[in-house]
file target-v9.cif (mmCIF, C-alpha atoms)
data_start
#
loop_
_atom_site.group_PDB
_atom_site.id
_atom_site.type_symbol
_atom_site.label_atom_id
_atom_site.label_comp_id
_atom_site.auth_asym_id
_atom_site.auth_seq_id
_atom_site.Cartn_x
_atom_site.Cartn_y
_atom_site.Cartn_z
ATOM 1 C CA MET A 271 23.152 -30.012 -14.486
ATOM 2 C CA LYS A 272 22.841 -28.706 -10.930
ATOM 3 C CA PHE A 273 24.496 -25.621 -9.490
ATOM 4 C CA ARG A 274 27.009 -26.219 -6.703
ATOM 5 C CA ASP A 275 27.272 -23.601 -3.979
ATOM 6 C CA TYR A 276 30.869 -24.096 -2.923
ATOM 7 C CA TYR A 277 30.566 -21.562 -0.113
ATOM 8 C CA GLU A 278 27.621 -23.459 1.346
ATOM 9 C CA THR A 279 29.514 -26.738 0.988
ATOM 10 C CA LEU A 280 32.364 -25.411 3.141
ATOM 11 C CA GLY A 281 30.054 -23.454 5.440
ATOM 12 C CA VAL A 282 31.750 -20.097 4.844
ATOM 13 C CA ALA A 283 30.534 -16.671 3.744
ATOM 14 C CA ARG A 284 31.187 -15.427 0.226
ATOM 15 C CA SER A 285 33.436 -12.793 1.810
ATOM 16 C CA ALA A 286 35.598 -15.410 3.570
ATOM 17 C CA THR A 287 39.368 -14.957 3.487
ATOM 18 C CA GLU A 288 41.787 -17.563 2.203
ATOM 19 C CA ALA A 289 42.690 -18.493 5.780
ATOM 20 C CA GLU A 290 39.035 -18.954 6.789
ATOM 21 C CA ILE A 291 38.419 -21.185 3.781
ATOM 22 C CA LYS A 292 41.450 -23.325 4.629
ATOM 23 C CA VAL A 293 40.342 -23.766 8.259
ATOM 24 C CA ALA A 294 36.796 -24.746 7.189
ATOM 25 C CA TYR A 295 38.120 -27.243 4.647
ATOM 26 C CA ARG A 296 40.492 -28.955 7.062
ATOM 27 C CA LYS A 297 37.762 -29.320 9.681
ATOM 28 C CA LEU A 298 35.291 -30.864 7.203
ATOM 29 C CA ALA A 299 37.931 -33.020 5.508
ATOM 30 C CA ARG A 300 38.804 -34.611 8.858
ATOM 31 C CA LYS A 301 35.126 -35.157 9.648
ATOM 32 C CA TYR A 302 34.190 -36.832 6.354
ATOM 33 C CA HIS A 303 37.415 -38.596 5.397
ATOM 34 C CA PRO A 304 36.449 -42.173 4.388
ATOM 35 C CA ASP A 305 39.162 -43.611 6.644
ATOM 36 C CA VAL A 306 37.508 -41.971 9.633
ATOM 37 C CA ASN A 307 33.826 -41.654 8.770
ATOM 38 C CA LYS A 308 32.131 -44.937 7.854
ATOM 39 C CA GLU A 309 28.762 -43.448 6.908
ATOM 40 C CA VAL A 310 27.534 -44.403 3.426
ATOM 41 C CA THR A 311 27.491 -40.777 2.220
ATOM 42 C CA ALA A 312 30.834 -39.786 3.727
ATOM 43 C CA GLU A 313 32.925 -40.470 0.619
ATOM 44 C CA ASP A 314 30.626 -38.397 -1.631
ATOM 45 C CA GLN A 315 30.629 -35.560 0.881
ATOM 46 C CA PHE A 316 34.401 -35.743 1.100
ATOM 47 C CA LYS A 317 34.639 -35.396 -2.701
ATOM 48 C CA GLU A 318 32.261 -32.418 -2.703
ATOM 49 C CA ILE A 319 34.322 -30.732 -0.012
ATOM 50 C CA GLY A 320 37.514 -31.318 -1.999
ATOM 51 C CA GLU A 321 35.997 -29.865 -5.146
ATOM 52 C CA ALA A 322 34.725 -26.801 -3.313
ATOM 53 C CA TYR A 323 38.144 -26.217 -1.766
ATOM 54 C CA ALA A 324 39.907 -26.680 -5.113
ATOM 55 C CA VAL A 325 37.887 -23.750 -6.458
ATOM 56 C CA LEU A 326 37.771 -21.413 -3.469
ATOM 57 C CA LYS A 327 41.455 -21.747 -2.527
ATOM 58 C CA ASP A 328 42.483 -20.752 -6.059
ATOM 59 C CA THR A 329 42.335 -16.997 -6.684
ATOM 60 C CA GLU A 330 41.569 -17.328 -10.400
ATOM 61 C CA LYS A 331 38.991 -20.098 -10.101
ATOM 62 C CA ARG A 332 37.266 -18.362 -7.208
ATOM 63 C CA ALA A 333 37.045 -15.057 -9.087
ATOM 64 C CA ALA A 334 35.673 -16.882 -12.136
ATOM 65 C CA TYR A 335 33.149 -18.792 -10.005
ATOM 66 C CA ASP A 336 32.034 -15.567 -8.304
ATOM 67 C CA ARG A 337 31.095 -14.213 -11.725
ATOM 68 C CA MET A 338 28.034 -16.456 -11.586
ATOM 69 C CA GLY A 339 26.670 -14.164 -8.870
ATOM 70 C CA SER A 340 25.045 -14.967 -5.530
ATOM 71 C CA ASN A 341 21.489 -15.594 -6.746
ATOM 72 C CA TRP A 342 22.057 -19.253 -7.654
ATOM 73 C CA LYS A 343 20.933 -21.850 -5.119
ATOM 74 C CA ASN A 344 22.568 -25.174 -4.374
ATOM 75 C CA GLY A 345 20.940 -27.889 -6.508
ATOM 76 C CA GLN A 346 19.235 -25.420 -8.859
ATOM 77 C CA ASP A 347 19.211 -26.299 -12.568
ATOM 78 C CA PHE A 348 22.160 -24.503 -14.104
ATOM 79 C CA THR A 349 23.678 -23.761 -17.497
ATOM 80 C CA PRO A 350 26.712 -21.437 -17.736
ATOM 81 C CA PRO A 351 25.646 -18.078 -19.227
ATOM 82 C CA PRO A 352 26.923 -17.532 -22.794
ATOM 83 C CA ASN A 353 30.407 -15.989 -22.820
ATOM 84 C CA TRP A 354 30.408 -15.808 -19.017
ATOM 85 C CA ASN A 355 34.223 -15.633 -19.049
ATOM 86 C CA GLU A 356 34.512 -12.733 -21.514
ATOM 87 C CA GLY A 357 37.242 -10.308 -20.501
ATOM 88 C CA PHE A 358 38.425 -12.515 -17.631
ATOM 89 C CA GLU A 359 42.228 -12.525 -17.630
ATOM 90 C CA TYR A 360 44.023 -15.465 -16.091
ATOM 91 C CA ALA A 361 47.589 -16.730 -15.907
ATOM 92 C CA ASN A 362 48.881 -19.976 -17.323
ATOM 93 C CA THR A 363 49.689 -21.437 -13.927
ATOM 94 C CA GLY A 364 50.205 -25.075 -14.816
ATOM 95 C CA PHE A 365 46.592 -26.281 -14.786
ATOM 96 C CA GLY A 366 45.617 -29.342 -16.750
ATOM 97 C CA ASP A 367 44.146 -28.826 -20.183
ATOM 98 C CA GLY A 368 40.490 -27.804 -20.079
ATOM 99 C CA ARG A 369 37.792 -26.699 -22.467
ATOM 100 C CA SER A 370 37.430 -23.245 -20.973
ATOM 101 C CA GLY A 371 41.130 -22.619 -20.501
ATOM 102 C CA PHE A 372 41.284 -22.836 -16.689
ATOM 103 C CA GLY A 373 41.988 -26.555 -16.635
ATOM 104 C CA GLY A 374 41.412 -28.978 -13.778
ATOM 105 C CA GLY A 375 42.626 -28.366 -10.297
ATOM 106 C CA PHE A 376 42.505 -31.326 -7.919
ATOM 107 C CA GLU A 377 43.021 -35.054 -7.697
ATOM 108 C CA GLY A 378 39.784 -37.025 -7.851
ATOM 109 C CA ASP A 379 36.436 -37.031 -9.575
ATOM 110 C CA GLN A 380 35.179 -33.760 -10.969
ATOM 111 C CA SER A 381 31.502 -32.932 -11.181
ATOM 112 C CA GLU A 382 29.766 -31.964 -14.395
ATOM 113 C CA PHE A 383 29.306 -28.514 -12.884
ATOM 114 C CA PHE A 384 33.046 -28.125 -12.246
ATOM 115 C CA GLU A 385 33.960 -29.300 -15.751
ATOM 116 C CA SER A 386 31.420 -26.947 -17.364
ATOM 117 C CA LEU A 387 33.318 -23.999 -15.881
ATOM 118 C CA PHE A 388 36.926 -25.135 -15.668
ATOM 119 C CA GLY A 389 37.298 -28.098 -18.001
ATOM 120 C CA ARG A 390 38.986 -31.347 -17.097
ATOM 121 C CA GLY A 391 42.445 -32.187 -15.829
ATOM 122 C CA ARG A 392 44.550 -32.560 -12.733
ATOM 123 C CA HIS A 393 46.646 -30.021 -10.951
ATOM 124 C CA ARG A 394 50.299 -30.386 -11.892
ATOM 125 C CA GLN A 395 52.595 -30.414 -8.916
ATOM 126 C CA GLY A 396 55.873 -28.567 -8.928
ATOM 127 C CA GLY A 397 56.479 -25.938 -11.573
ATOM 128 C CA ARG A 398 58.406 -22.698 -11.519
ATOM 129 C CA SER A 399 59.713 -21.653 -8.118
ATOM 130 C CA SER A 400 58.424 -18.401 -6.651
ATOM 131 C CA HIS A 401 61.818 -17.951 -4.996
ATOM 132 C CA PRO A 402 64.426 -18.420 -7.750
ATOM 133 C CA GLN A 403 68.079 -18.638 -6.896
ATOM 134 C CA GLN A 404 70.070 -15.457 -7.061
ATOM 135 C CA GLY A 405 71.149 -14.608 -10.587
ATOM 136 C CA MET A 406 68.452 -16.720 -12.247
ATOM 137 C CA ASN A 407 65.817 -15.082 -14.436
ATOM 138 C CA PHE A 408 62.660 -16.340 -16.028
ATOM 139 C CA LYS A 409 60.201 -15.042 -18.560
ATOM 140 C CA GLY A 410 56.915 -14.007 -16.983
ATOM 141 C CA GLN A 411 53.840 -16.203 -17.213
ATOM 142 C CA ASP A 412 51.649 -15.960 -20.278
ATOM 143 C CA HIS A 413 48.152 -14.651 -19.638
ATOM 144 C CA HIS A 414 44.939 -15.538 -21.444
ATOM 145 C CA ALA A 415 41.523 -13.945 -21.922
ATOM 146 C CA LYS A 416 38.486 -14.260 -24.152
ATOM 147 C CA ILE A 417 37.194 -11.221 -26.029
ATOM 148 C CA LEU A 418 34.117 -10.681 -28.188
ATOM 149 C CA ILE A 419 34.181 -8.687 -31.408
ATOM 150 C CA ASP A 420 31.612 -7.733 -34.038
ATOM 151 C CA ILE A 421 31.380 -9.703 -37.281
ATOM 152 C CA ALA A 422 32.123 -6.478 -39.161
ATOM 153 C CA ASP A 423 35.529 -6.340 -37.431
ATOM 154 C CA ALA A 424 36.477 -9.653 -39.046
ATOM 155 C CA TYR A 425 35.437 -8.330 -42.468
ATOM 156 C CA ASN A 426 37.091 -4.948 -42.298
ATOM 157 C CA GLY A 427 39.665 -5.101 -39.500
ATOM 158 C CA ALA A 428 39.414 -2.661 -36.604
ATOM 159 C CA LYS A 429 41.106 -1.001 -33.658
ATOM 160 C CA ARG A 430 39.343 -1.524 -30.350
ATOM 161 C CA THR A 431 39.897 -0.670 -26.693
ATOM 162 C CA ILE A 432 39.158 -3.692 -24.520
ATOM 163 C CA SER A 433 38.743 -4.031 -20.752
ATOM 164 C CA LEU A 434 40.218 -7.027 -18.955
ATOM 165 C CA HIS A 435 39.657 -8.084 -15.356
ATOM 166 C CA MET A 436 42.508 -9.893 -13.614
ATOM 167 C CA PRO A 437 41.860 -11.660 -10.293
ATOM 168 C CA ALA A 438 44.067 -10.727 -7.374
ATOM 169 C CA GLN A 439 44.179 -11.172 -3.618
ATOM 170 C CA ASP A 440 44.459 -8.290 -1.187
ATOM 171 C CA ALA A 441 46.548 -8.233 1.996
ATOM 172 C CA SER A 442 43.700 -9.640 4.098
ATOM 173 C CA GLY A 443 43.155 -12.629 1.830
ATOM 174 C CA HIS A 444 40.049 -11.402 0.007
ATOM 175 C CA VAL A 445 39.724 -11.989 -3.736
ATOM 176 C CA THR A 446 39.395 -8.868 -5.881
ATOM 177 C CA THR A 447 39.692 -8.054 -9.573
ATOM 178 C CA GLN A 448 41.853 -5.417 -11.182
ATOM 179 C CA GLU A 449 40.788 -3.803 -14.442
ATOM 180 C CA ARG A 450 43.101 -2.726 -17.212
ATOM 181 C CA LYS A 451 42.395 -1.367 -20.691
ATOM 182 C CA LEU A 452 44.333 -2.227 -23.822
ATOM 183 C CA ASP A 453 44.245 -0.952 -27.394
ATOM 184 C CA VAL A 454 43.999 -3.929 -29.733
ATOM 185 C CA SER A 455 44.217 -4.199 -33.522
ATOM 186 C CA ILE A 456 41.726 -6.734 -34.915
ATOM 187 C CA PRO A 457 43.120 -8.156 -38.172
ATOM 188 C CA LYS A 458 40.870 -8.593 -41.160
ATOM 189 C CA GLY A 459 39.854 -12.212 -41.613
ATOM 190 C CA ILE A 460 40.129 -13.372 -37.991
ATOM 191 C CA ARG A 461 37.802 -16.194 -37.003
ATOM 192 C CA ALA A 462 36.264 -17.481 -33.808
ATOM 193 C CA GLY A 463 38.697 -19.556 -31.780
ATOM 194 C CA GLN A 464 41.811 -17.865 -33.092
ATOM 195 C CA ASN A 465 44.160 -16.026 -30.733
ATOM 196 C CA LEU A 466 45.688 -12.572 -30.834
ATOM 197 C CA ARG A 467 49.136 -12.471 -29.227
ATOM 198 C CA LEU A 468 50.141 -9.283 -27.424
ATOM 199 C CA SER A 469 53.848 -9.526 -26.746
ATOM 200 C CA GLY A 470 54.984 -8.467 -23.282
ATOM 201 C CA GLN A 471 51.437 -7.949 -21.925
ATOM 202 C CA GLY A 472 51.438 -11.024 -19.708
ATOM 203 C CA GLY A 473 52.911 -11.495 -16.263
ATOM 204 C CA PRO A 474 56.111 -9.707 -15.199
ATOM 205 C CA GLY A 475 59.429 -11.511 -15.554
ATOM 206 C CA VAL A 476 61.410 -12.868 -12.621
ATOM 207 C CA GLY A 477 64.969 -11.776 -11.896
ATOM 208 C CA GLY A 478 65.079 -9.375 -14.806
ATOM 209 C CA GLY A 479 63.455 -11.774 -17.273
ATOM 210 C CA ALA A 480 61.143 -10.570 -20.037
ATOM 211 C CA ALA A 481 57.418 -10.192 -19.431
ATOM 212 C CA GLY A 482 55.115 -12.938 -20.629
ATOM 213 C CA ASP A 483 52.647 -12.579 -23.476
ATOM 214 C CA LEU A 484 48.880 -12.083 -23.469
ATOM 215 C CA TYR A 485 46.772 -14.351 -25.681
ATOM 216 C CA LEU A 486 43.292 -13.117 -26.561
ATOM 217 C CA GLU A 487 40.909 -15.807 -27.759
ATOM 218 C CA VAL A 488 38.447 -14.256 -30.209
ATOM 219 C CA ASP A 489 34.726 -14.938 -30.415
ATOM 220 C CA PHE A 490 31.852 -12.959 -31.894
ATOM 221 C CA HIS A 491 29.079 -10.995 -30.275
ATOM 222 C CA PRO A 492 25.696 -12.622 -30.940
ATOM 223 C CA ASN A 493 24.166 -11.051 -34.025
ATOM 224 C CA PRO A 494 20.420 -10.763 -34.686
ATOM 225 C CA ILE A 495 20.883 -11.150 -38.454
ATOM 226 C CA TYR A 496 23.859 -13.413 -39.118
ATOM 227 C CA ARG A 497 24.899 -16.873 -37.960
ATOM 228 C CA ILE A 498 28.549 -17.898 -38.088
ATOM 229 C CA ASP A 499 29.905 -21.336 -38.915
ATOM 230 C CA GLY A 500 33.693 -21.199 -39.111
ATOM 231 C CA LYS A 501 34.461 -18.914 -42.045
ATOM 232 C CA ASP A 502 30.924 -19.131 -43.484
ATOM 233 C CA ILE A 503 28.062 -16.755 -42.701
ATOM 234 C CA TYR A 504 24.344 -17.556 -42.840
ATOM 235 C CA LEU A 505 21.537 -15.051 -43.330
ATOM 236 C CA ASP A 506 17.795 -15.779 -43.190
ATOM 237 C CA LEU A 507 16.187 -13.719 -45.961
ATOM 238 C CA PRO A 508 12.441 -12.993 -45.665
ATOM 239 C CA LEU A 509 10.593 -13.103 -48.979
ATOM 240 C CA ALA A 510 7.030 -12.150 -49.785
ATOM 241 C CA PRO A 511 5.039 -15.067 -51.267
ATOM 242 C CA TRP A 512 4.931 -13.405 -54.685
ATOM 243 C CA GLU A 513 8.691 -12.816 -54.664
ATOM 244 C CA ALA A 514 9.313 -16.500 -53.992
ATOM 245 C CA ALA A 515 6.709 -17.663 -56.505
ATOM 246 C CA LEU A 516 7.435 -15.265 -59.376
ATOM 247 C CA GLY A 517 11.081 -14.425 -58.770
ATOM 248 C CA ALA A 518 12.552 -11.058 -57.879
ATOM 249 C CA THR A 519 15.754 -9.110 -57.385
ATOM 250 C CA VAL A 520 16.258 -8.106 -53.748
ATOM 251 C CA GLU A 521 18.901 -6.291 -51.752
ATOM 252 C CA VAL A 522 20.893 -8.431 -49.315
ATOM 253 C CA PRO A 523 22.992 -6.844 -46.512
ATOM 254 C CA THR A 524 26.482 -8.155 -45.768
ATOM 255 C CA PRO A 525 28.513 -8.026 -42.546
ATOM 256 C CA ALA A 526 31.019 -5.771 -44.318
ATOM 257 C CA GLY A 527 28.375 -3.019 -44.278
ATOM 258 C CA SER A 528 27.645 -3.040 -48.001
ATOM 259 C CA ALA A 529 24.669 -4.581 -49.774
ATOM 260 C CA LEU A 530 24.398 -6.950 -52.740
ATOM 261 C CA GLU A 531 21.644 -7.471 -55.255
ATOM 262 C CA LEU A 532 20.492 -11.080 -55.331
ATOM 263 C CA LYS A 533 18.305 -12.618 -57.995
ATOM 264 C CA ILE A 534 15.604 -14.835 -56.532
ATOM 265 C CA PRO A 535 14.601 -17.573 -58.990
ATOM 266 C CA ALA A 536 10.894 -18.162 -59.595
ATOM 267 C CA GLY A 537 9.578 -21.009 -57.496
ATOM 268 C CA THR A 538 12.030 -20.511 -54.642
ATOM 269 C CA THR A 539 11.058 -22.532 -51.571
ATOM 270 C CA ALA A 540 11.738 -21.811 -47.912
ATOM 271 C CA GLY A 541 14.993 -23.280 -46.637
ATOM 272 C CA ARG A 542 16.691 -23.488 -50.027
ATOM 273 C CA LYS A 543 20.288 -22.257 -49.515
ATOM 274 C CA MET A 544 21.717 -19.783 -52.010
ATOM 275 C CA ARG A 545 25.500 -19.534 -51.891
ATOM 276 C CA LEU A 546 27.384 -16.299 -52.473
ATOM 277 C CA LYS A 547 30.891 -17.601 -53.009
ATOM 278 C CA GLY A 548 33.711 -15.742 -51.285
ATOM 279 C CA LYS A 549 31.375 -13.394 -49.425
ATOM 280 C CA GLY A 550 31.992 -14.966 -46.029
ATOM 281 C CA ILE A 551 34.837 -14.050 -43.681
ATOM 282 C CA PRO A 552 37.823 -12.836 -45.754
ATOM 283 C CA GLY A 553 41.068 -14.766 -45.974
ATOM 284 C CA THR A 554 43.407 -16.618 -48.312
ATOM 285 C CA GLU A 555 40.483 -18.993 -48.762
ATOM 286 C CA PRO A 556 37.495 -16.799 -47.901
ATOM 287 C CA GLY A 557 34.290 -18.241 -46.581
ATOM 288 C CA ASP A 558 30.915 -18.072 -48.279
ATOM 289 C CA LEU A 559 27.720 -16.211 -47.465
ATOM 290 C CA TYR A 560 24.661 -18.454 -47.500
ATOM 291 C CA VAL A 561 21.270 -16.838 -47.950
ATOM 292 C CA VAL A 562 18.405 -18.973 -46.642
ATOM 293 C CA PRO A 563 14.940 -17.843 -47.836
ATOM 294 C CA ILE A 564 12.001 -17.814 -45.440
ATOM 295 C CA ILE A 565 8.487 -16.965 -46.573
ATOM 296 C CA ALA A 566 6.995 -13.967 -44.774
ATOM 297 C CA LEU A 567 3.198 -13.818 -44.872
ATOM 298 C CA PRO A 568 1.591 -10.383 -44.695
ATOM 299 C CA SER A 569 -1.315 -10.124 -42.278
ATOM 300 C CA ALA A 570 -4.788 -9.492 -43.639
ATOM 301 C CA LYS A 571 -6.153 -6.504 -41.756
ATOM 302 C CA THR A 572 -8.484 -4.785 -44.234
ATOM 303 C CA ASP A 573 -11.423 -6.177 -46.199
ATOM 304 C CA ALA A 574 -9.474 -5.755 -49.441
ATOM 305 C CA GLN A 575 -6.541 -7.729 -48.039
ATOM 306 C CA LYS A 576 -8.820 -10.515 -46.822
ATOM 307 C CA GLU A 577 -10.491 -10.647 -50.219
ATOM 308 C CA ALA A 578 -7.081 -10.953 -51.880
ATOM 309 C CA TYR A 579 -6.334 -14.041 -49.779
ATOM 310 C CA GLN A 580 -9.735 -15.512 -50.628
ATOM 311 C CA THR A 581 -9.064 -14.960 -54.331
ATOM 312 C CA LEU A 582 -5.679 -16.644 -53.923
ATOM 313 C CA ALA A 583 -7.284 -19.647 -52.223
ATOM 314 C CA LYS A 584 -9.730 -20.046 -55.123
ATOM 315 C CA ALA A 585 -7.018 -19.663 -57.753
ATOM 316 C CA PHE A 586 -4.913 -22.578 -56.456
ATOM 317 C CA ASP A 587 -5.849 -26.194 -55.896
ATOM 318 C CA PHE A 588 -3.243 -26.414 -53.135
ATOM 319 C CA ASN A 589 -3.097 -28.405 -49.914
ATOM 320 C CA PRO A 590 0.195 -28.013 -48.017
ATOM 321 C CA ARG A 591 -0.667 -30.984 -45.780
ATOM 322 C CA THR A 592 -1.000 -33.791 -48.299
ATOM 323 C CA HIS A 593 2.185 -35.411 -46.986
ATOM 324 C CA LEU A 594 0.525 -35.822 -43.590
ATOM 325 C CA LYS A 595 -2.133 -38.167 -44.917
ATOM 326 C CA GLY A 596 -1.501 -41.854 -44.317
#
call {"tool": "encode", "arguments": {"input": "target-v9.cif", "output": "structure tokens"}}
result
Amino acid sequence: MKFRDYYETLGVARSATEAEIKVAYRKLARKYHPDVNKEVTAEDQFKEIGEAYAVLKDTEKRAAYDRMGSNWKNGQDFTPPPNWNEGFEYANTGFGDGRSGFGGGFEGDQSEFFESLFGRGRHRQGGRSSHPQQGMNFKGQDHHAKILIDIADAYNGAKRTISLHMPAQDASGHVTTQERKLDVSIPKGIRAGQNLRLSGQGGPGVGGGAAGDLYLEVDFHPNPIYRIDGKDIYLDLPLAPWEAALGATVEVPTPAGSALELKIPAGTTAGRKMRLKGKGIPGTEPGDLYVVPIIALPSAKTDAQKEAYQTLAKAFDFNPRTHLKG
């Protein structure tokens, strides 16, 4: 997938105001409209211009796009950074449904780059009026954000202070972000993809209506020890060759912070999964903890250690590559 520099496409600076972006778009749209421009590439250029404008005219999409930074070049190989939208608060403003929550945003084809950031869907026309009739009141818009927590928080529950960044536009038409901090209770047993609802923490109501709610989608910080699959947890457990061959009892850490003693059967092979039932993420039906042995070979640095390996080689008639022979 290739990066798309929407600012370059419209020929504007990254600091351009909303009005400057609109002027640039209208000029280019007239130039490359297929009804006017009969060049072979005009239609594709017209689509690229429309996509760029769909992002840069929208305060939330533009702020999200700007999170990628200014170091990316047009046409450069691109993959969205992991959890690039963490802590980014956005309103439910009637976008189409999309994988990342922002939804679509314009009529027409959407590039792979656009969909990787904002998902798929079309902009829905109409919606709630910004100028309601006198005496009418509406509940405020719901807001959404993604937060990352530690695996231990899902095991034990926790109270955390989180920082959210909400896009806004200043009086001159420049996009900015406003930070706010919230104290959040993380319930025991929460899993990736689930949402925490904070009542009244969304957008303000209209005409005296109640404030909207804030929905926090939960995911986990990357962990150097554990892998998460739904409610199950996986742990690679290094074993010395003699522990795997002869059996042993070893201490296994858990995300809850405690440790368990695990009996390793003699003859254990690398990759064999050992299931600790109910030791995954807690819940009415708790997940399991899977321990996956890997064989860790000690290095031979001294003469005595080298001799031990030589003795081992003589003691076994063993060729680990027999399956490679035709």
call {"tool": "atom_distance", "arguments": {"input": "target-v9.cif", "atom1": "atom CA of A:Thr446", "atom2": "atom CA of A:Gly482"}}
result
21.9 Å
call {"tool": "residues_around", "arguments": {"input": "target-v9.cif", "residues": "A:Gln448", "least_positions_apart": "3", "cutoff": "12 Å", "atoms": "all atoms listed in the file", "output": "JSON, numbers by chain"}}
result
{"A": [330, 333, 357, 358, 359, 360, 433, 434, 435, 436, 437, 438, 439, 440, 445, 451]}
call {"tool": "atom_distance", "arguments": {"input": "target-v9.cif", "atom1": "atom CA of A:Lys549", "atom2": "atom CA of A:Leu486"}}
result
25.8 Å
call {"tool": "residues_around", "arguments": {"input": "target-v9.cif", "residues": "A:Ala570", "least_positions_apart": "4", "cutoff": "8 Å", "atoms": "all atoms listed in the file", "output": "list of chain:residue names"}}
result
A:Gln575, A:Lys576, A:Tyr579
call {"tool": "residues_near_point", "arguments": {"input": "target-v9.cif", "point": "(6.0, -17.1, -62.8)", "cutoff": "12 Å", "atoms": "only C-alpha atoms", "output": "list of chain:residue names"}}
result
A:Pro511, A:Trp512, A:Glu513, A:Ala514, A:Ala515, A:Leu516, A:Gly517, A:Ala518, A:Ile534, A:Pro535, A:Ala536, A:Gly537, A:Thr538
call {"tool": "closest_residue", "arguments": {"input": "target-v9.cif", "among": "A:Pro350, A:Gln471, A:Phe490, A:Thr279", "to": "A:Ile417", "atoms": "only C-alpha atoms"}}
result
A:Phe490
call {"tool": "resolve_selection", "arguments": {"input": "target-v9.cif", "expression": "the PyMOL selection byres ((chain A and resi 353) around 10)", "output": "VMD selection string"}}
result
chain A and resid 350 to 352 354 to 357 416 to 418 489 to 492
call {"tool": "write_last_selection", "arguments": {"input": "target-v9.cif", "atoms": "C-alpha atoms", "output": "mmCIF file, keeping the file's coordinate frame"}}
result
data_model
loop_
_atom_site.group_PDB
_atom_site.id
_atom_site.type_symbol
_atom_site.label_atom_id
_atom_site.label_comp_id
_atom_site.auth_asym_id
_atom_site.auth_seq_id
_atom_site.Cartn_x
_atom_site.Cartn_y
_atom_site.Cartn_z
ATOM 1 C CA PRO A 350 26.712 -21.437 -17.736
ATOM 2 C CA PRO A 351 25.646 -18.078 -19.227
ATOM 3 C CA PRO A 352 26.923 -17.532 -22.794
ATOM 4 C CA TRP A 354 30.408 -15.808 -19.017
ATOM 5 C CA ASN A 355 34.223 -15.633 -19.049
ATOM 6 C CA GLU A 356 34.512 -12.733 -21.514
ATOM 7 C CA GLY A 357 37.242 -10.308 -20.501
ATOM 8 C CA LYS A 416 38.486 -14.260 -24.152
ATOM 9 C CA ILE A 417 37.194 -11.221 -26.029
ATOM 10 C CA LEU A 418 34.117 -10.681 -28.188
ATOM 11 C CA ASP A 489 34.726 -14.938 -30.415
ATOM 12 C CA PHE A 490 31.852 -12.959 -31.894
ATOM 13 C CA HIS A 491 29.079 -10.995 -30.275
ATOM 14 C CA PRO A 492 25.696 -12.622 -30.940
#
call {"tool": "atom_distance", "arguments": {"input": "target-v9.cif", "atom1": "atom CA of A:Asp502", "atom2": "atom CA of A:Ile551"}}
result
6.4 Å
call {"tool": "closest_residue", "arguments": {"input": "target-v9.cif", "among": "A:Gln380, A:Ser455, A:Thr519, A:Thr539", "to": "A:Ala566", "atoms": "only C-alpha atoms"}}
result
A:Thr539
call {"tool": "closest_residue", "arguments": {"input": "target-v9.cif", "among": "A:Lys533, A:Arg467, A:Lys331, A:His593", "to": "A:Leu509", "atoms": "all atoms listed in the file"}}
result
A:Lys533
call {"tool": "resolve_selection", "arguments": {"input": "target-v9.cif", "expression": "the PyMOL selection byres ((chain A and resi 540) around 7)", "output": "ChimeraX atom specification"}}
result
/A:538-539,541-542,563-565
call {"tool": "residues_around", "arguments": {"input": "target-v9.cif", "residues": "A:Gly472", "least_positions_apart": "4", "cutoff": "10 Å", "atoms": "only C-alpha atoms", "output": "PyMOL selection string"}}
result
chain A and resi 359-362+409-414+467-468+480-485
